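Take a look at the structure below.
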There are 2 protein chains.
Amino acid sequence: MTMSNTGGRRRAPTIHDVAREAGVSRGTVSRVLNGGHYVSPAAQEAVNAAIRKTGYVVNRHARSLITGRSDSVGFLLTEPQERFFEDPNFNVLLRGCTQALAAHDIPLLLMLAGTRDERRRITRYITAGHVDGVLLVSSHSGDPVAEELRAAGVPLVACGKPIGLGSKVSYVAADDRDGARDMVRHLLSLGRRRIGVVTGPPDTPGGVERLAGYREVLAEAGLPADERLVVSGDYSRASGEAGAERLLERAPDMDAVFVASDLMAQGVLAALHRAGKRVPEDIAVGGFDDSPAATAATPALTTIRQPWDRISNEMVRVLLAQLGGEDPAAVILPTELVRRESA
Amino acid sequence: MTMSNTGGRRRAPTIHDVAREAGVSRGTVSRVLNGGHYVSPAAQEAVNAAIRKTGYVVNRHARSLITGRSDSVGFLLTEPQERFFEDPNFNVLLRGCTQALAAHDIPLLLMLAGTRDERRRITRYITAGHVDGVLLVSSHSGDPVAEELRAAGVPLVACGKPIGLGSKVSYVAADDRDGARDMVRHLLSLGRRRIGVVTGPPDTPGGVERLAGYREVLAEAGLPADERLVVSGDYSRASGEAGAERLLERAPDMDAVFVASDLMAQGVLAALHRAGKRVPEDIAVGGFDDSPAATAATPALTTIRQPWDRISNEMVRVLLAQLGGEDPAAVILPTELVRRESA
DNA sequence: TTCTCTACTGTGAACGCTCACAGAAGCATG
DNA sequence: CATGCTTCTGTGAGCGTTCACAGTAGAGAA
């Protein structure tokens, strides 16, 4: 009667135990574990049975030691922390990436690099090869971590087009410009002609591209470019509130606002409410993101849906392709107008 | 002229290189790396200089292979996914844990186990020793993953008291009952006497304890227990809305509601607004959590703050203590009443 | 037959580290 | 002067895997 796998918590079974159980050599077990090429069907089956019987699980440390790969990837957040809190997009993205990676049996290491010290530590950790690649969430330009990682040759996929870096870095992004165009066209179709905009920070792709889309459509419609109708925020609720106040002051005849994020749009709604403006009767409001904030708002926000589930899937796909030796790639995904009450 | 660390990306320096550079043996370098006991000051310094010069970073896989530890911990979420989205507490908790662990140079693996298959995979992964311990977020009772991990002897710290499990599992929780007591006492102090409650699911500690606190205070105040004033939700906004409607129907003379989460309280506010009730004039509303939803609501919610930053710190502290050989422990942290407009 | 090719299998040698052990040196104690 | 103790150092072994290589068997071609 031999010792079996149940109970005892003695020692985890190794590839050796499996080999003995299956009556083959370590090499054959290893081959089965790694795709099963050059293994006879009989051996294949014997090994699988032995694995089930012993409850064998590969020791990833031993594997990594020799392969040099870690079979894990990092999810790196270099944003200032308040965004992480307030922006529901991060949650969706994080969850999507975790799941997409889990499907490949690849664990995700969460890394927060808010301070200088943290950045140094994390950079060291990553460049030491403790992860095979990095999913980067950092829309601000001039991110030193991103640049260092790129220089060190770490496979990298950014979420949103990285402004500072060269073209050699992969990214996945929603079509910000096209989304903005859709929204502004929608506002025009409602008969609005004095359309304001609260855009994002000018060092983020969302800030730049959404504003560009807005300007393009107005120009195409033959409307004058009026800089009094343009203010910028930082994607926070508070900045939306402040932005709306400034707009109302500078352009009291405004009849619509395009806001570059739902969270800011919440702030805008609050400011308009305080100013006695009815939405959408007096002023139509269009958001961006289709976050939970959009449905939570009163009135519910008409907004642009970013395909976050597809974005996370694509980020993982592109990163894995890169780990497999493929070249960096840029992926741009279409957005969708979601009509609710605010416009 | 010897090959130096800069450029070339040839091969990462090993402990061997450091030893040669410092003129000592591998063993001495290893001792320096692991606390520096039994190392002469001279050797200590030589090794540190060599580490700086070579840019050496320890290979964690090699270390883990021999120590059997992975020097990483898992953050396991077995909640249904919508909570992860909607509840901002998870973000604060996740961020806090990541940072607290980073201070000990321990990476955090994010694990989502929503479906049966995912649960199986994750359990296998964890029990195989790929993480040293687990921070568990799963308030629902009868969680099969938690039970399996406990049975397998995996060091575990839960967030919130795990209902199903025995007392051998560590947890960190806010004092739900006391927080509820504070809120209900506050409502009483405002002169309210017909106080309703929208509690959480009865299989969560929040659902049980907050309701218990509510009942205790009413009893202590000599008020009758009226089951028409008690409904339960699932912490979602929608369930708060439905709960408020049911309360209004069953107890039209209600003059206050204690809601077991801010998110549900948002729903309650919406329902009250629709029913033409003014808050706080007609009905005072008290929330729980002090989440961003509390300030976003109109009127801003009076609520109970849970010390999430302390909770995450304590979770990590208790887990690390357990990894160091200490026994499981329960930590209960005080809450705080935050007065705003709604009550 | 003999040779070559393909499909499959087993065996040492790493990978980079820690741990146990042996041994050296210094100093106090018997 | 031996003995013990403490502090420090180097060395071999081995953690569990993969990889390169050598080798076997069987099929088909010369």
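Residues are named by chain letter and number: chains run A, B, ... in the order of the structure tokens, numbers start at 1 in each chain, and ligands are numbered from 1 in the order shown.
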Alpha helix (DSSP H) call set, DSSP backbone run, range 5-151 of chain B, as a ChimeraX atom specification: /B:15-22,26-33,41-54,60-67,81-86,88-102,116-125,144-151
Store the residues picked out above in a file with C-alpha atoms, as a PDB file, in the first residue's frame.
ATOM      1  CA  ILE B  15      25.251  35.949  -6.604  1.00  0.00           C
ATOM      2  CA  HIS B  16      28.426  34.459  -7.992  1.00  0.00           C
ATOM      3  CA  ASP B  17      29.380  37.639  -9.787  1.00  0.00           C
ATOM      4  CA  VAL B  18      28.770  39.648  -6.659  1.00  0.00           C
ATOM      5  CA  ALA B  19      30.892  37.267  -4.611  1.00  0.00           C
ATOM      6  CA  ARG B  20      33.781  37.474  -7.041  1.00  0.00           C
ATOM      7  CA  GLU B  21      33.514  41.253  -7.213  1.00  0.00           C
ATOM      8  CA  ALA B  22      33.494  41.540  -3.423  1.00  0.00           C
ATOM      9  CA  ARG B  26      28.543  32.951  -2.258  1.00  0.00           C
ATOM     10  CA  GLY B  27      27.620  32.070   1.288  1.00  0.00           C
ATOM     11  CA  THR B  28      28.680  35.426   2.640  1.00  0.00           C
ATOM     12  CA  VAL B  29      26.772  37.280  -0.047  1.00  0.00           C
ATOM     13  CA  SER B  30      23.720  35.191   0.729  1.00  0.00           C
ATOM     14  CA  ARG B  31      24.034  36.023   4.404  1.00  0.00           C
ATOM     15  CA  VAL B  32      24.219  39.718   3.646  1.00  0.00           C
ATOM     16  CA  LEU B  33      21.137  39.373   1.479  1.00  0.00           C
ATOM     17  CA  PRO B  41      31.399  44.753   8.860  1.00  0.00           C
ATOM     18  CA  ALA B  42      34.158  44.691   6.263  1.00  0.00           C
ATOM     19  CA  ALA B  43      32.553  41.879   4.287  1.00  0.00           C
ATOM     20  CA  GLN B  44      29.173  43.495   4.680  1.00  0.00           C
ATOM     21  CA  GLU B  45      30.388  46.665   3.092  1.00  0.00           C
ATOM     22  CA  ALA B  46      32.315  44.964   0.321  1.00  0.00           C
ATOM     23  CA  VAL B  47      29.246  42.977  -0.631  1.00  0.00           C
ATOM     24  CA  ASN B  48      26.985  46.002  -0.639  1.00  0.00           C
ATOM     25  CA  ALA B  49      29.428  47.859  -2.839  1.00  0.00           C
ATOM     26  CA  ALA B  50      29.604  44.909  -5.207  1.00  0.00           C
ATOM     27  CA  ILE B  51      25.823  44.739  -5.368  1.00  0.00           C
ATOM     28  CA  ARG B  52      25.610  48.392  -6.279  1.00  0.00           C
ATOM     29  CA  LYS B  53      28.369  48.074  -8.835  1.00  0.00           C
ATOM     30  CA  THR B  54      26.981  45.026 -10.587  1.00  0.00           C
ATOM     31  CA  ARG B  60      13.379  35.169  -6.590  1.00  0.00           C
ATOM     32  CA  HIS B  61      12.685  31.966  -8.445  1.00  0.00           C
ATOM     33  CA  ALA B  62      15.954  30.398  -7.401  1.00  0.00           C
ATOM     34  CA  ARG B  63      15.380  31.534  -3.873  1.00  0.00           C
ATOM     35  CA  SER B  64      11.822  30.264  -3.793  1.00  0.00           C
ATOM     36  CA  LEU B  65      12.850  26.950  -5.233  1.00  0.00           C
ATOM     37  CA  ILE B  66      14.943  26.164  -2.227  1.00  0.00           C
ATOM     38  CA  THR B  67      13.117  27.991   0.532  1.00  0.00           C
ATOM     39  CA  GLN B  81     -18.315  40.592 -10.095  1.00  0.00           C
ATOM     40  CA  GLU B  82     -20.852  43.371 -10.015  1.00  0.00           C
ATOM     41  CA  ARG B  83     -19.889  44.196  -6.453  1.00  0.00           C
ATOM     42  CA  PHE B  84     -16.324  44.645  -7.505  1.00  0.00           C
ATOM     43  CA  PHE B  85     -17.496  47.191 -10.016  1.00  0.00           C
ATOM     44  CA  GLU B  86     -19.905  49.127  -7.957  1.00  0.00           C
ATOM     45  CA  PRO B  88     -15.564  51.650  -4.145  1.00  0.00           C
ATOM     46  CA  ASN B  89     -14.481  49.984  -0.922  1.00  0.00           C
ATOM     47  CA  PHE B  90     -12.804  47.254  -2.886  1.00  0.00           C
ATOM     48  CA  ASN B  91     -10.591  49.784  -4.571  1.00  0.00           C
ATOM     49  CA  VAL B  92      -9.478  51.355  -1.345  1.00  0.00           C
ATOM     50  CA  LEU B  93      -8.854  47.967   0.151  1.00  0.00           C
ATOM     51  CA  LEU B  94      -6.942  46.675  -2.836  1.00  0.00           C
ATOM     52  CA  ARG B  95      -4.810  49.751  -3.031  1.00  0.00           C
ATOM     53  CA  GLY B  96      -4.112  49.719   0.680  1.00  0.00           C
ATOM     54  CA  CYS B  97      -3.081  46.081   0.672  1.00  0.00           C
ATOM     55  CA  THR B  98      -0.862  46.518  -2.356  1.00  0.00           C
ATOM     56  CA  GLN B  99       0.954  49.386  -0.728  1.00  0.00           C
ATOM     57  CA  ALA B 100       1.281  47.775   2.649  1.00  0.00           C
ATOM     58  CA  LEU B 101       2.771  44.703   1.012  1.00  0.00           C
ATOM     59  CA  ALA B 102       5.039  46.751  -1.214  1.00  0.00           C
ATOM     60  CA  ARG B 116     -16.828  27.421 -10.555  1.00  0.00           C
ATOM     61  CA  ASP B 117     -13.993  26.757 -12.976  1.00  0.00           C
ATOM     62  CA  GLU B 118     -12.058  29.772 -11.826  1.00  0.00           C
ATOM     63  CA  ARG B 119     -12.508  28.698  -8.243  1.00  0.00           C
ATOM     64  CA  ARG B 120     -11.086  25.267  -8.978  1.00  0.00           C
ATOM     65  CA  ARG B 121      -8.115  26.665 -10.841  1.00  0.00           C
ATOM     66  CA  ILE B 122      -7.343  29.238  -8.182  1.00  0.00           C
ATOM     67  CA  THR B 123      -7.652  26.804  -5.312  1.00  0.00           C
ATOM     68  CA  ARG B 124      -5.207  24.488  -7.021  1.00  0.00           C
ATOM     69  CA  TYR B 125      -2.851  27.325  -7.703  1.00  0.00           C
ATOM     70  CA  PRO B 144     -16.168  26.893  -0.702  1.00  0.00           C
ATOM     71  CA  VAL B 145     -12.821  28.437  -1.605  1.00  0.00           C
ATOM     72  CA  ALA B 146     -12.293  29.836   1.884  1.00  0.00           C
ATOM     73  CA  GLU B 147     -13.172  26.516   3.438  1.00  0.00           C
ATOM     74  CA  GLU B 148     -10.805  24.601   1.171  1.00  0.00           C
ATOM     75  CA  LEU B 149      -7.964  26.991   1.807  1.00  0.00           C
ATOM     76  CA  ARG B 150      -8.529  26.803   5.516  1.00  0.00           C
ATOM     77  CA  ALA B 151      -8.571  23.021   5.361  1.00  0.00           C
TER      78      ALA B 151
END
Cut-off 12 Å: closest chain D/chain A atom pairs per residue, using only C-alpha atoms (C1' of nucleotides), as CSV:
residue,atom,partner,partner_atom,distance
D:DC15,C1',A:Ala62,CA,8.0
D:DG16,C1',A:Ala62,CA,5.1
D:DT17,C1',A:Ala62,CA,4.7
D:DT18,C1',A:Ile66,CA,6.2
D:DC19,C1',A:Ile66,CA,8.8
D:DA20,C1',A:Gly27,CA,11.6
Strand (DSSP E) call set, DSSP backbone run, range 88-311 of chain A, as a count of residues only: 37
Hey, which bits of chain C sit within 10 Å of chain B, and for each residue what's the closest pair of atoms and how far apart in Å (one decimal), counting only C-alpha atoms (C1' of nucleotides), rows by chain and increasing number, as JSON lines?
{"residue": "C:DC15", "atom": "C1'", "partner": "B:Ala62", "partner_atom": "CA", "distance": 7.8}
{"residue": "C:DG16", "atom": "C1'", "partner": "B:Ala62", "partner_atom": "CA", "distance": 5.1}
{"residue": "C:DC17", "atom": "C1'", "partner": "B:Ala62", "partner_atom": "CA", "distance": 4.8}
{"residue": "C:DT18", "atom": "C1'", "partner": "B:Ile66", "partner_atom": "CA", "distance": 6.3}
{"residue": "C:DC19", "atom": "C1'", "partner": "B:Ile66", "partner_atom": "CA", "distance": 8.8}
Output file for the residues above (C-alpha atoms (C1' of nucleotides), as an mmCIF file, in the first residue's frame):
data_model
loop_
_atom_site.group_PDB
_atom_site.id
_atom_site.type_symbol
_atom_site.label_atom_id
_atom_site.label_comp_id
_atom_site.auth_asym_id
_atom_site.auth_seq_id
_atom_site.Cartn_x
_atom_site.Cartn_y
_atom_site.Cartn_z
ATOM 1 C "C1'" DC C 15 19.468 27.338 -13.697
ATOM 2 C "C1'" DG C 16 20.765 30.629 -9.066
ATOM 3 C "C1'" DC C 17 20.038 30.278 -4.816
ATOM 4 C "C1'" DT C 18 19.977 28.688 0.496
ATOM 5 C "C1'" DC C 19 21.161 25.573 3.936
#
Shell around Gly74 in chain B at 9 Å using only C-alpha atoms (C1' of nucleotides), local window under 2 positions removed, as a list of chain:residue names: B:Ser72, B:Leu76, B:Pro107, B:Leu108, B:Leu109, B:Leu110, B:Met111, B:Ile126, B:His130, B:Val131, B:Asp132, B:Gly133, B:Val134, B:Leu135, B:Leu136
Could you write those residues out with N, CA, C and O atoms, as an mmCIF file, in the first residue's frame?
data_model
loop_
_atom_site.group_PDB
_atom_site.id
_atom_site.type_symbol
_atom_site.label_atom_id
_atom_site.label_comp_id
_atom_site.auth_asym_id
_atom_site.auth_seq_id
_atom_site.Cartn_x
_atom_site.Cartn_y
_atom_site.Cartn_z
ATOM 1 N N SER B 72 5.236 35.988 -1.990
ATOM 2 C CA SER B 72 4.170 36.764 -2.607
ATOM 3 C C SER B 72 2.871 36.356 -1.931
ATOM 4 O O SER B 72 2.792 35.280 -1.338
ATOM 5 N N LEU B 76 -7.553 37.609 -3.031
ATOM 6 C CA LEU B 76 -8.566 36.763 -3.662
ATOM 7 C C LEU B 76 -9.958 37.333 -3.481
ATOM 8 O O LEU B 76 -10.394 37.616 -2.365
ATOM 9 N N PRO B 107 5.176 41.163 -3.572
ATOM 10 C CA PRO B 107 4.206 41.425 -4.632
ATOM 11 C C PRO B 107 2.849 40.808 -4.333
ATOM 12 O O PRO B 107 2.750 39.810 -3.619
ATOM 13 N N LEU B 108 1.826 41.436 -4.887
ATOM 14 C CA LEU B 108 0.465 40.972 -4.681
ATOM 15 C C LEU B 108 -0.076 40.394 -5.981
ATOM 16 O O LEU B 108 -0.018 41.031 -7.027
ATOM 17 N N LEU B 109 -0.593 39.180 -5.898
ATOM 18 C CA LEU B 109 -1.233 38.563 -7.062
ATOM 19 C C LEU B 109 -2.730 38.744 -6.954
ATOM 20 O O LEU B 109 -3.327 38.322 -5.965
ATOM 21 N N LEU B 110 -3.313 39.345 -7.970
ATOM 22 C CA LEU B 110 -4.750 39.556 -7.945
ATOM 23 C C LEU B 110 -5.457 38.333 -8.508
ATOM 24 O O LEU B 110 -5.154 37.880 -9.610
ATOM 25 N N MET B 111 -6.404 37.802 -7.754
ATOM 26 C CA MET B 111 -7.094 36.591 -8.196
ATOM 27 C C MET B 111 -8.594 36.781 -8.132
ATOM 28 O O MET B 111 -9.123 37.119 -7.077
ATOM 29 N N ILE B 126 -3.280 28.063 -5.461
ATOM 30 C CA ILE B 126 -2.892 28.523 -4.125
ATOM 31 C C ILE B 126 -2.370 27.375 -3.275
ATOM 32 O O ILE B 126 -1.320 27.475 -2.645
ATOM 33 N N HIS B 130 1.918 28.480 -4.554
ATOM 34 C CA HIS B 130 2.416 29.555 -5.409
ATOM 35 C C HIS B 130 2.307 30.917 -4.753
ATOM 36 O O HIS B 130 2.879 31.885 -5.235
ATOM 37 N N VAL B 131 1.547 30.988 -3.677
ATOM 38 C CA VAL B 131 1.561 32.179 -2.826
ATOM 39 C C VAL B 131 1.704 31.702 -1.387
ATOM 40 O O VAL B 131 1.306 30.597 -1.051
ATOM 41 N N ASP B 132 2.270 32.558 -0.565
ATOM 42 C CA ASP B 132 2.496 32.163 0.829
ATOM 43 C C ASP B 132 1.248 32.312 1.677
ATOM 44 O O ASP B 132 1.102 31.656 2.706
ATOM 45 N N GLY B 133 0.380 33.213 1.249
ATOM 46 C CA GLY B 133 -0.817 33.468 2.035
ATOM 47 C C GLY B 133 -1.840 34.191 1.195
ATOM 48 O O GLY B 133 -1.548 34.607 0.066
ATOM 49 N N VAL B 134 -3.019 34.341 1.733
ATOM 50 C CA VAL B 134 -4.116 34.906 0.957
ATOM 51 C C VAL B 134 -4.867 35.956 1.766
ATOM 52 O O VAL B 134 -5.198 35.733 2.926
ATOM 53 N N LEU B 135 -5.103 37.089 1.111
ATOM 54 C CA LEU B 135 -6.010 38.088 1.655
ATOM 55 C C LEU B 135 -7.349 37.845 0.984
ATOM 56 O O LEU B 135 -7.459 37.940 -0.244
ATOM 57 N N LEU B 136 -8.335 37.527 1.765
ATOM 58 C CA LEU B 136 -9.594 37.061 1.188
ATOM 59 C C LEU B 136 -10.684 38.113 1.324
ATOM 60 O O LEU B 136 -10.942 38.615 2.416
#
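With only C-alpha atoms as the basis for measurement, B:Pro292 is the residue among B:Gly200, B:Pro224, B:Gly325, B:Pro292 that approaches chain A most closely.
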Shell around DT6 in chain C at 12 Å using only C-alpha atoms (C1' of nucleotides), local window under 6 positions removed, as a PyMOL selection string: (chain A and resi 38) or (chain D and resi 25-28)
Within 9 Å of range 4-12 of chain D using only C-alpha atoms (C1' of nucleotides), minus same-chain residues under 6 positions, as a list in words: Val24, Ser25, Arg26, Gly27, Thr28, Tyr38, Val39 and Ser40 of chain B; DC21, DA22, DG23, DA24, DA25, DG26, DC27, DA28 and DT29 of chain C
Nearest to chain B by atom-to-atom distance, counting only C-alpha atoms, from A:Ala329, A:Val169, A:Leu323, A:Ala293: A:Ala293
Nearest residue to chain A from the set B:Asp262, B:Asp175, B:Asp105, B:Glu79 (distances using only C-alpha atoms):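 Using only C-alpha atoms, chain A sits closest to B:Asp105.
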